[in-house]
Amino acid sequence: MRQKIVAGNWKMNTLVCEGVELVNGIVSKMGEVPSDVRLIVCPPFTHIVSVGDALKGSRVSLGAQNCANQPKGAFTGEVSAAMLKSCCCEYVILGHSERREYYGETSETLNAKMALALENGLKPIYCVGEKLEEREAGKHFEIVKAQIEEVLFNLTPEQMAQVVVAYEPVWAIGTGKTATSAQAQEIHAFIRATLASKFGELAEEISILYGGSCKPSNAPELFSQKDIDGGLIGGAALKADDFIGIAKSY
Ligand code: 13P
């Protein structure tokens, strides 16, 4: 059985006190979430310790949104995978389209980050997804395949088993425009087949999340698809009721 996951990517939102209030709200409603669903929150770096303290003793896991591509040293402004681990982070989002687009992250950078995350015992949530013009040109399979091959194909099966994949079509992020469940299922099945071409049966065990304008109203239809194991949620993760509403959608 693949792990069902609903992960919240808070991006650059909330102040520390607001983040703590948000997780307190999430934790107080966890009784409504089926016990086989894992919830993960990924706040900004500055919130990680306070949010982690608020999560102690709950079923909600802690993640970060990024980590450095260097282990330590003179890299002003960076946060290492080891530092995240020392703050009790379990997960780290890598390769989000906003990092690829605005901060120039390439497969080369992501290979370094992936290796450091895994060496430090973090579970990477690796994001893939095409831009609007790429989908319109019918290139979405090709783009997603390259994003998988250039990074995930460098892992050992033991490392791959630690990874969660998130498919986030860039045209659906923060736009209110969701992929239809059929569009999402089609590419999720393609991602699983691509993983299977390298890792065989292990591909059946890998959780593949959908991200892009996911909300309580569309999550049940998306999560009912065979190869969609949950969601990576942006805007709707900033409201406890919406985040819990999505987690109740299975
Ligand atoms: P939205 O849910 O706001 O579209 O963002 C999705 C996302 O980018 C999660 O990583």
# chains A, B, ... in the order shown; residues from 1 in each chain; ligands from 1

$ residues_around --residues "range 62-76 of chain A" --least-positions-apart "2" --cutoff "9 Å" --atoms "only C-alpha atoms" --output "tab-separated table (two decimals) with all heavy atoms, in the first residue's frame"
chain	number	residue	atom	x	y	z
A	7	ALA	N	0.54	17.28	1.82
A	7	ALA	CA	1.63	18.13	2.29
A	7	ALA	C	1.30	19.58	1.99
A	7	ALA	O	0.81	19.90	0.90
A	7	ALA	CB	2.94	17.74	1.61
A	8	GLY	N	1.58	20.46	2.94
A	8	GLY	CA	1.33	21.89	2.75
A	8	GLY	C	2.64	22.62	2.49
A	8	GLY	O	3.56	22.55	3.30
A	9	ASN	N	2.72	23.31	1.36
A	9	ASN	CA	3.86	24.15	1.05
A	9	ASN	C	3.42	25.59	1.30
A	9	ASN	O	2.67	26.14	0.51
A	9	ASN	CB	4.27	23.94	-0.42
A	9	ASN	CG	5.35	24.91	-0.86
A	9	ASN	OD1	5.93	25.63	-0.03
A	9	ASN	ND2	5.64	24.94	-2.15
A	10	TRP	N	3.88	26.13	2.40
A	10	TRP	CA	3.42	27.48	2.79
A	10	TRP	C	4.08	28.58	1.95
A	10	TRP	O	3.68	29.73	2.03
A	10	TRP	CB	3.71	27.73	4.27
A	10	TRP	CG	2.98	26.84	5.23
A	10	TRP	CD1	2.17	25.76	4.91
A	10	TRP	CD2	2.97	26.94	6.65
A	10	TRP	NE1	1.68	25.19	6.06
A	10	TRP	CE2	2.15	25.90	7.14
A	10	TRP	CE3	3.59	27.80	7.56
A	10	TRP	CZ2	1.92	25.69	8.51
A	10	TRP	CZ3	3.37	27.60	8.92
A	10	TRP	CH2	2.54	26.56	9.39
A	11	LYS	N	5.12	28.23	1.22
A	11	LYS	CA	5.87	29.23	0.43
A	11	LYS	C	6.30	30.38	1.36
A	11	LYS	O	6.54	30.14	2.54
A	11	LYS	CB	5.05	29.68	-0.77
A	11	LYS	CG	4.54	28.47	-1.58
A	11	LYS	CD	3.95	28.81	-2.91
A	11	LYS	CE	3.47	27.53	-3.59
A	11	LYS	NZ	2.96	27.75	-4.94
A	39	LEU	N	-0.01	13.79	7.15
A	39	LEU	CA	-0.01	15.23	6.89
A	39	LEU	C	1.40	15.77	7.12
A	39	LEU	O	2.06	15.38	8.08
A	39	LEU	CB	-0.97	15.96	7.83
A	39	LEU	CG	-2.46	15.84	7.59
A	39	LEU	CD1	-3.20	16.97	8.30
A	39	LEU	CD2	-2.81	15.88	6.13
A	40	ILE	N	1.81	16.64	6.24
A	40	ILE	CA	3.15	17.26	6.36
A	40	ILE	C	2.96	18.77	6.20
A	40	ILE	O	2.22	19.20	5.31
A	40	ILE	CB	4.09	16.77	5.24
A	40	ILE	CG1	4.17	15.23	5.21
A	40	ILE	CG2	5.48	17.37	5.38
A	40	ILE	CD1	4.86	14.67	3.95
A	41	VAL	N	3.61	19.56	7.05
A	41	VAL	CA	3.61	21.01	6.82
A	41	VAL	C	5.04	21.47	6.53
A	41	VAL	O	5.99	21.03	7.18
A	41	VAL	CB	3.03	21.83	8.00
A	41	VAL	CG1	1.54	21.57	8.15
A	41	VAL	CG2	3.74	21.54	9.31
A	42	CYS	N	5.18	22.33	5.53
A	42	CYS	CA	6.49	22.84	5.14
A	42	CYS	C	6.49	24.37	5.26
A	42	CYS	O	6.19	25.09	4.29
A	42	CYS	CB	6.82	22.43	3.71
A	42	CYS	SG	6.79	20.64	3.46
A	43	PRO	N	6.78	24.88	6.46
A	43	PRO	CA	6.79	26.34	6.66
A	43	PRO	C	8.12	26.93	6.20
A	43	PRO	O	9.05	26.19	5.86
A	43	PRO	CB	6.65	26.46	8.19
A	43	PRO	CG	7.21	25.19	8.73
A	43	PRO	CD	7.07	24.12	7.67
A	44	PRO	N	8.23	28.26	6.20
A	44	PRO	CA	9.52	28.89	5.91
A	44	PRO	C	10.57	28.49	6.97
A	44	PRO	O	10.21	28.11	8.08
A	44	PRO	CB	9.21	30.39	6.03
A	44	PRO	CG	7.73	30.50	5.85
A	44	PRO	CD	7.16	29.25	6.43
A	45	PHE	N	11.85	28.60	6.61
A	45	PHE	CA	12.94	28.21	7.52
A	45	PHE	C	12.81	28.85	8.91
A	45	PHE	O	13.05	28.21	9.92
A	45	PHE	CB	14.30	28.64	6.95
A	45	PHE	CG	14.75	27.87	5.74
A	45	PHE	CD1	15.35	28.53	4.68
A	45	PHE	CD2	14.62	26.49	5.68
A	45	PHE	CE1	15.80	27.84	3.56
A	45	PHE	CE2	15.07	25.79	4.57
A	45	PHE	CZ	15.66	26.46	3.51
A	48	ILE	N	10.61	26.97	11.48
A	48	ILE	CA	10.70	25.52	11.63
A	48	ILE	C	10.77	25.08	13.09
A	48	ILE	O	10.08	24.14	13.49
A	48	ILE	CB	11.87	24.97	10.77
A	48	ILE	CG1	11.36	24.96	9.32
A	48	ILE	CG2	12.30	23.57	11.20
A	48	ILE	CD1	12.24	24.39	8.30
A	51	VAL	N	7.28	25.92	14.84
A	51	VAL	CA	6.23	25.05	14.30
A	51	VAL	C	6.49	23.60	14.74
A	51	VAL	O	5.57	22.88	15.13
A	51	VAL	CB	6.14	25.20	12.76
A	51	VAL	CG1	5.33	24.07	12.13
A	51	VAL	CG2	5.52	26.54	12.40
A	52	GLY	N	7.76	23.19	14.71
A	52	GLY	CA	8.12	21.84	15.16
A	52	GLY	C	7.71	21.62	16.62
A	52	GLY	O	7.18	20.56	16.97
A	55	LEU	N	4.10	21.03	16.91
A	55	LEU	CA	3.66	19.74	16.34
A	55	LEU	C	4.01	18.54	17.22
A	55	LEU	O	3.55	17.43	16.94
A	55	LEU	CB	4.33	19.52	14.98
A	55	LEU	CG	3.90	20.43	13.83
A	55	LEU	CD1	4.70	20.09	12.57
A	55	LEU	CD2	2.42	20.26	13.57
A	60	VAL	N	1.36	15.06	12.76
A	60	VAL	CA	1.72	15.90	11.62
A	60	VAL	C	3.24	15.97	11.51
A	60	VAL	O	3.92	16.22	12.51
A	60	VAL	CB	1.14	17.33	11.78
A	60	VAL	CG1	1.44	18.18	10.56
A	60	VAL	CG2	-0.36	17.27	12.04
A	78	GLU	N	22.45	30.50	3.15
A	78	GLU	CA	21.96	29.16	2.84
A	78	GLU	C	21.67	28.35	4.12
A	78	GLU	O	22.19	28.64	5.19
A	78	GLU	CB	22.99	28.41	1.99
A	78	GLU	CG	23.11	28.95	0.58
A	78	GLU	CD	21.85	28.73	-0.24
A	78	GLU	OE1	21.51	27.58	-0.53
A	78	GLU	OE2	21.19	29.72	-0.58
A	79	VAL	N	20.85	27.33	3.98
A	79	VAL	CA	20.48	26.46	5.10
A	79	VAL	C	20.73	25.02	4.67
A	79	VAL	O	20.22	24.58	3.63
A	79	VAL	CB	18.98	26.66	5.48
A	79	VAL	CG1	18.55	25.65	6.53
A	79	VAL	CG2	18.75	28.09	5.99
A	80	SER	N	21.55	24.30	5.45
A	80	SER	CA	21.96	22.96	5.00
A	80	SER	C	20.95	21.89	5.39
A	80	SER	O	20.13	22.07	6.31
A	80	SER	CB	23.31	22.61	5.60
A	80	SER	OG	23.17	22.32	6.99
A	81	ALA	N	21.07	20.77	4.71
A	81	ALA	CA	20.21	19.61	5.02
A	81	ALA	C	20.46	19.16	6.47
A	81	ALA	O	19.52	18.81	7.18
A	81	ALA	CB	20.52	18.47	4.04
A	82	ALA	N	21.73	19.19	6.91
A	82	ALA	CA	22.04	18.77	8.29
A	82	ALA	C	21.37	19.70	9.30
A	82	ALA	O	20.89	19.26	10.35
A	82	ALA	CB	23.56	18.76	8.49
A	84	LEU	N	18.57	21.29	8.88
A	84	LEU	CA	17.13	20.96	8.88
A	84	LEU	C	16.89	19.71	9.71
A	84	LEU	O	15.96	19.64	10.51
A	84	LEU	CB	16.62	20.77	7.45
A	84	LEU	CG	16.67	22.02	6.59
A	84	LEU	CD1	16.28	21.69	5.16
A	84	LEU	CD2	15.75	23.10	7.16
A	88	CYS	N	14.64	18.65	13.52
A	88	CYS	CA	13.59	17.61	13.47
A	88	CYS	C	12.75	17.62	12.20
A	88	CYS	O	11.63	17.11	12.20
A	88	CYS	CB	12.69	17.67	14.70
A	88	CYS	SG	13.60	17.44	16.21
A	89	CYS	N	13.28	18.20	11.12
A	89	CYS	CA	12.58	18.07	9.84
A	89	CYS	C	12.69	16.64	9.36
A	89	CYS	O	13.74	16.01	9.50
A	89	CYS	CB	13.25	18.95	8.78
A	89	CYS	SG	12.57	20.57	8.69
A	90	GLU	N	11.61	16.16	8.77
A	90	GLU	CA	11.62	14.81	8.19
A	90	GLU	C	11.68	14.86	6.66
A	90	GLU	O	12.15	13.95	6.02
A	90	GLU	CB	10.30	14.12	8.56
A	90	GLU	CG	10.39	12.98	9.54
A	90	GLU	CD	9.02	12.37	9.72
A	90	GLU	OE1	8.24	12.87	10.56
A	90	GLU	OE2	8.72	11.41	9.01
A	91	TYR	N	11.09	15.93	6.11
A	91	TYR	CA	10.95	16.04	4.66
A	91	TYR	C	11.59	17.33	4.16
A	91	TYR	O	11.76	18.28	4.93
A	91	TYR	CB	9.46	16.08	4.26
A	91	TYR	CG	8.74	14.77	4.51
A	91	TYR	CD1	8.17	14.50	5.76
A	91	TYR	CD2	8.63	13.82	3.50
A	91	TYR	CE1	7.51	13.29	5.99
A	91	TYR	CE2	7.97	12.62	3.73
A	91	TYR	CZ	7.41	12.36	4.96
A	91	TYR	OH	6.76	11.17	5.19
A	92	VAL	N	11.92	17.36	2.86
A	92	VAL	CA	12.33	18.62	2.24
A	92	VAL	C	11.82	18.63	0.80
A	92	VAL	O	11.99	17.65	0.07
A	92	VAL	CB	13.86	18.84	2.32
A	92	VAL	CG1	14.66	17.75	1.60
A	92	VAL	CG2	14.25	20.21	1.76
A	93	ILE	N	11.17	19.73	0.42
A	93	ILE	CA	10.71	19.89	-0.96
A	93	ILE	C	11.93	20.27	-1.81
A	93	ILE	O	12.69	21.16	-1.44
A	93	ILE	CB	9.65	21.01	-1.06
A	93	ILE	CG1	8.41	20.64	-0.23
A	93	ILE	CG2	9.26	21.27	-2.52
A	93	ILE	CD1	7.37	21.79	-0.11
A	94	LEU	N	12.12	19.60	-2.93
A	94	LEU	CA	13.23	19.92	-3.84
A	94	LEU	C	12.71	20.07	-5.26
A	94	LEU	O	11.85	19.30	-5.70
A	94	LEU	CB	14.30	18.82	-3.80
A	94	LEU	CG	15.09	18.67	-2.49
A	94	LEU	CD1	16.11	17.54	-2.62
A	94	LEU	CD2	15.80	19.97	-2.11
A	95	GLY	N	13.22	21.06	-5.96
A	95	GLY	CA	12.88	21.22	-7.37
A	95	GLY	C	11.52	21.83	-7.63
A	95	GLY	O	10.96	21.64	-8.72
A	96	HIS	N	10.99	22.56	-6.66
A	96	HIS	CA	9.71	23.23	-6.91
A	96	HIS	C	9.87	24.15	-8.14
A	96	HIS	O	10.93	24.76	-8.32
A	96	HIS	CB	9.27	24.04	-5.69
A	96	HIS	CG	7.85	24.51	-5.80
A	96	HIS	ND1	7.50	25.60	-6.56
A	96	HIS	CD2	6.71	24.01	-5.30
A	96	HIS	CE1	6.18	25.75	-6.50
A	96	HIS	NE2	5.67	24.79	-5.74
A	99	ARG	N	11.41	27.49	-7.61
A	99	ARG	CA	12.87	27.49	-7.42
A	99	ARG	C	13.57	27.30	-8.76
A	99	ARG	O	14.61	27.91	-9.02
A	99	ARG	CB	13.30	26.38	-6.44
A	99	ARG	CG	12.62	26.51	-5.10
A	99	ARG	CD	13.50	26.87	-3.93
A	99	ARG	NE	14.79	27.35	-4.19
A	99	ARG	CZ	15.27	28.52	-3.72
A	99	ARG	NH1	14.51	29.32	-2.99
A	99	ARG	NH2	16.49	28.88	-3.95
A	109	THR	N	22.11	21.25	-9.85
A	109	THR	CA	21.93	21.73	-8.47
A	109	THR	C	21.09	20.73	-7.69
A	109	THR	O	21.36	20.43	-6.53
A	109	THR	CB	21.11	23.06	-8.46
A	109	THR	OG1	21.33	23.78	-9.64
A	109	THR	CG2	21.34	23.86	-7.23
A	110	LEU	N	20.05	20.24	-8.35
A	110	LEU	CA	19.11	19.36	-7.64
A	110	LEU	C	19.73	18.00	-7.32
A	110	LEU	O	19.40	17.40	-6.30
A	110	LEU	CB	17.83	19.20	-8.47
A	110	LEU	CG	17.01	20.50	-8.47
A	110	LEU	CD1	15.91	20.46	-9.51
A	110	LEU	CD2	16.44	20.76	-7.07
A	111	ASN	N	20.65	17.54	-8.16
A	111	ASN	CA	21.35	16.28	-7.82
A	111	ASN	C	22.15	16.45	-6.54
A	111	ASN	O	22.16	15.56	-5.68
A	111	ASN	CB	22.28	15.88	-8.97
A	111	ASN	CG	21.53	15.14	-10.06
A	111	ASN	OD1	20.71	14.26	-9.77
A	111	ASN	ND2	21.78	15.48	-11.30
A	112	ALA	N	22.79	17.61	-6.39
A	112	ALA	CA	23.58	17.86	-5.18
A	112	ALA	C	22.67	17.96	-3.95
A	112	ALA	O	22.94	17.39	-2.89
A	112	ALA	CB	24.39	19.14	-5.35
A	113	LYS	N	21.55	18.67	-4.10
A	113	LYS	CA	20.62	18.82	-2.98
A	113	LYS	C	20.02	17.48	-2.59
A	113	LYS	O	19.84	17.17	-1.41
A	113	LYS	CB	19.51	19.81	-3.36
A	113	LYS	CG	20.01	21.22	-3.54
A	113	LYS	CD	18.87	22.20	-3.77
A	113	LYS	CE	19.47	23.61	-3.89
A	113	LYS	NZ	18.48	24.66	-3.69
A	114	MET	N	19.66	16.70	-3.60
A	114	MET	CA	19.05	15.39	-3.37
A	114	MET	C	20.02	14.51	-2.57
A	114	MET	O	19.63	13.87	-1.59
A	114	MET	CB	18.75	14.79	-4.74
A	114	MET	CG	18.02	13.50	-4.76
A	114	MET	SD	16.33	13.58	-4.17
A	114	MET	CE	15.48	14.37	-5.48
A	115	ALA	N	21.29	14.48	-2.99
A	115	ALA	CA	22.27	13.63	-2.32
A	115	ALA	C	22.44	14.07	-0.86
A	115	ALA	O	22.47	13.24	0.06
A	115	ALA	CB	23.61	13.71	-3.05
A	116	LEU	N	22.51	15.38	-0.63
A	116	LEU	CA	22.70	15.89	0.74
A	116	LEU	C	21.47	15.61	1.61
A	116	LEU	O	21.60	15.24	2.78
A	116	LEU	CB	23.02	17.38	0.72
A	116	LEU	CG	24.45	17.68	0.24
A	116	LEU	CD1	24.58	19.12	-0.22
A	116	LEU	CD2	25.45	17.35	1.34
A	117	ALA	N	20.29	15.80	1.03
A	117	ALA	CA	19.06	15.53	1.78
A	117	ALA	C	19.05	14.07	2.22
A	117	ALA	O	18.82	13.75	3.40
A	117	ALA	CB	17.84	15.85	0.93
A	122	LEU	N	16.85	13.04	5.38
A	122	LEU	CA	15.61	13.74	5.02
A	122	LEU	C	14.94	13.02	3.86
A	122	LEU	O	15.63	12.45	3.01
A	122	LEU	CB	15.91	15.19	4.60
A	122	LEU	CG	16.51	16.10	5.66
A	122	LEU	CD1	16.97	17.42	5.01
A	122	LEU	CD2	15.50	16.39	6.77
A	123	LYS	N	13.60	13.07	3.82
A	123	LYS	CA	12.89	12.47	2.70
A	123	LYS	C	12.54	13.58	1.70
A	123	LYS	O	11.76	14.48	2.03
A	123	LYS	CB	11.60	11.80	3.19
A	123	LYS	CG	11.86	10.63	4.10
A	123	LYS	CD	10.56	10.00	4.57
A	123	LYS	CE	10.85	8.94	5.60
A	123	LYS	NZ	9.93	8.97	6.73

$ residues_near_ligand --ligand "ligand 1" --cutoff "9 Å" --atoms "only C-alpha atoms and all ligand atoms" --output "number ranges by chain"
A: 7-11, 65, 93, 96-98, 127, 166, 168-178, 210-215, 231-237

$ write_last_selection --atoms "C-alpha atoms" --output "mmCIF file, in the first residue's frame"
data_model
loop_
_atom_site.group_PDB
_atom_site.id
_atom_site.type_symbol
_atom_site.label_atom_id
_atom_site.label_comp_id
_atom_site.auth_asym_id
_atom_site.auth_seq_id
_atom_site.Cartn_x
_atom_site.Cartn_y
_atom_site.Cartn_z
ATOM 1 C CA ALA A 7 1.633 18.133 2.292
ATOM 2 C CA GLY A 8 1.331 21.892 2.746
ATOM 3 C CA ASN A 9 3.865 24.148 1.050
ATOM 4 C CA TRP A 10 3.421 27.481 2.787
ATOM 5 C CA LYS A 11 5.871 29.228 0.433
ATOM 6 C CA GLN A 65 10.850 24.025 1.290
ATOM 7 C CA ILE A 93 10.711 19.890 -0.963
ATOM 8 C CA HIS A 96 9.707 23.235 -6.914
ATOM 9 C CA SER A 97 8.950 25.076 -10.179
ATOM 10 C CA GLU A 98 9.296 28.432 -8.382
ATOM 11 C CA CYS A 127 8.636 18.285 -7.835
ATOM 12 C CA ALA A 166 4.968 15.686 -6.741
ATOM 13 C CA GLU A 168 2.748 20.193 -10.314
ATOM 14 C CA PRO A 169 1.802 21.597 -13.723
ATOM 15 C CA VAL A 170 3.124 25.175 -13.596
ATOM 16 C CA TRP A 171 -0.044 26.483 -15.300
ATOM 17 C CA ALA A 172 -2.151 25.203 -12.404
ATOM 18 C CA ILE A 173 -0.083 26.673 -9.551
ATOM 19 C CA GLY A 174 -1.838 29.544 -7.818
ATOM 20 C CA THR A 175 -4.005 30.152 -10.894
ATOM 21 C CA GLY A 176 -7.234 28.530 -9.729
ATOM 22 C CA LYS A 177 -6.939 26.369 -12.863
ATOM 23 C CA THR A 178 -6.660 22.699 -11.854
ATOM 24 C CA TYR A 210 -0.698 16.214 -7.367
ATOM 25 C CA GLY A 211 -0.184 19.952 -6.837
ATOM 26 C CA GLY A 212 -1.809 22.991 -8.429
ATOM 27 C CA SER A 213 -4.931 24.778 -7.154
ATOM 28 C CA CYS A 214 -5.947 21.714 -5.148
ATOM 29 C CA LYS A 215 -8.753 22.499 -2.686
ATOM 30 C CA GLY A 231 -1.552 16.412 -2.811
ATOM 31 C CA LEU A 232 1.084 19.110 -2.430
ATOM 32 C CA ILE A 233 -0.982 22.103 -1.435
ATOM 33 C CA GLY A 234 -0.102 25.808 -1.664
ATOM 34 C CA GLY A 235 -2.800 28.410 -0.998
ATOM 35 C CA ALA A 236 -5.284 26.039 0.627
ATOM 36 C CA ALA A 237 -2.619 24.870 3.104
#

$ closest_residue --among "A:Asp242, A:Asp227, A:Glu136, A:Glu204" --to "Glu186 in chain A" --atoms "only C-alpha atoms"
A:Asp227

$ select_by_dssp --residues "range 47-141 of chain A" --states "strand (DSSP E or B)" --output "number ranges by chain"
A: 60-64, 91-94, 123-128

$ decode --residues "range 74-84 of chain A" --atoms "all heavy atoms" --output "compact mmCIF listing (two decimals), in the first residue's frame"
# COMPACT_ATOMS: atom_id res chain seq x y z
N ALA A 74 31.15 28.58 3.82
CA ALA A 74 30.97 29.99 3.50
C ALA A 74 29.95 30.15 2.36
O ALA A 74 30.32 30.41 1.21
CB ALA A 74 32.32 30.61 3.14
N PHE A 75 28.69 29.96 2.68
CA PHE A 75 27.60 30.10 1.70
C PHE A 75 26.51 30.96 2.33
O PHE A 75 25.47 30.46 2.79
CB PHE A 75 27.08 28.71 1.28
CG PHE A 75 28.16 27.86 0.67
CD1 PHE A 75 28.79 26.87 1.42
CD2 PHE A 75 28.59 28.09 -0.62
CE1 PHE A 75 29.82 26.12 0.88
CE2 PHE A 75 29.62 27.35 -1.17
CZ PHE A 75 30.24 26.36 -0.42
N THR A 76 26.77 32.24 2.40
CA THR A 76 25.91 33.18 3.12
C THR A 76 24.45 33.04 2.71
O THR A 76 24.12 33.03 1.53
CB THR A 76 26.40 34.62 2.84
OG1 THR A 76 27.75 34.70 3.28
CG2 THR A 76 25.56 35.65 3.61
N GLY A 77 23.61 32.92 3.72
CA GLY A 77 22.17 32.89 3.48
C GLY A 77 21.60 31.51 3.21
O GLY A 77 20.39 31.36 3.06
N GLU A 78 22.45 30.50 3.15
CA GLU A 78 21.96 29.16 2.84
C GLU A 78 21.67 28.35 4.12
O GLU A 78 22.19 28.64 5.19
CB GLU A 78 22.99 28.41 1.99
CG GLU A 78 23.11 28.95 0.58
CD GLU A 78 21.85 28.73 -0.24
OE1 GLU A 78 21.51 27.58 -0.53
OE2 GLU A 78 21.19 29.72 -0.58
N VAL A 79 20.85 27.33 3.98
CA VAL A 79 20.48 26.46 5.10
C VAL A 79 20.73 25.02 4.67
O VAL A 79 20.22 24.58 3.63
CB VAL A 79 18.98 26.66 5.48
CG1 VAL A 79 18.55 25.65 6.53
CG2 VAL A 79 18.75 28.09 5.99
N SER A 80 21.55 24.30 5.45
CA SER A 80 21.96 22.96 5.00
C SER A 80 20.95 21.89 5.39
O SER A 80 20.13 22.07 6.31
CB SER A 80 23.31 22.61 5.60
OG SER A 80 23.17 22.32 6.99
N ALA A 81 21.07 20.77 4.71
CA ALA A 81 20.21 19.61 5.02
C ALA A 81 20.46 19.16 6.47
O ALA A 81 19.52 18.81 7.18
CB ALA A 81 20.52 18.47 4.04
N ALA A 82 21.73 19.19 6.91
CA ALA A 82 22.04 18.77 8.29
C ALA A 82 21.37 19.70 9.30
O ALA A 82 20.89 19.26 10.35
CB ALA A 82 23.56 18.76 8.49
N MET A 83 21.33 20.99 8.99
CA MET A 83 20.66 21.94 9.90
C MET A 83 19.18 21.62 10.01
O MET A 83 18.59 21.66 11.09
CB MET A 83 20.82 23.38 9.38
CG MET A 83 22.23 23.91 9.47
SD MET A 83 22.31 25.48 8.58
CE MET A 83 24.06 25.77 8.61
N LEU A 84 18.57 21.29 8.88
CA LEU A 84 17.13 20.96 8.88
C LEU A 84 16.89 19.71 9.71
O LEU A 84 15.96 19.64 10.51
CB LEU A 84 16.62 20.77 7.45
CG LEU A 84 16.67 22.02 6.59
CD1 LEU A 84 16.28 21.69 5.16
CD2 LEU A 84 15.75 23.10 7.16
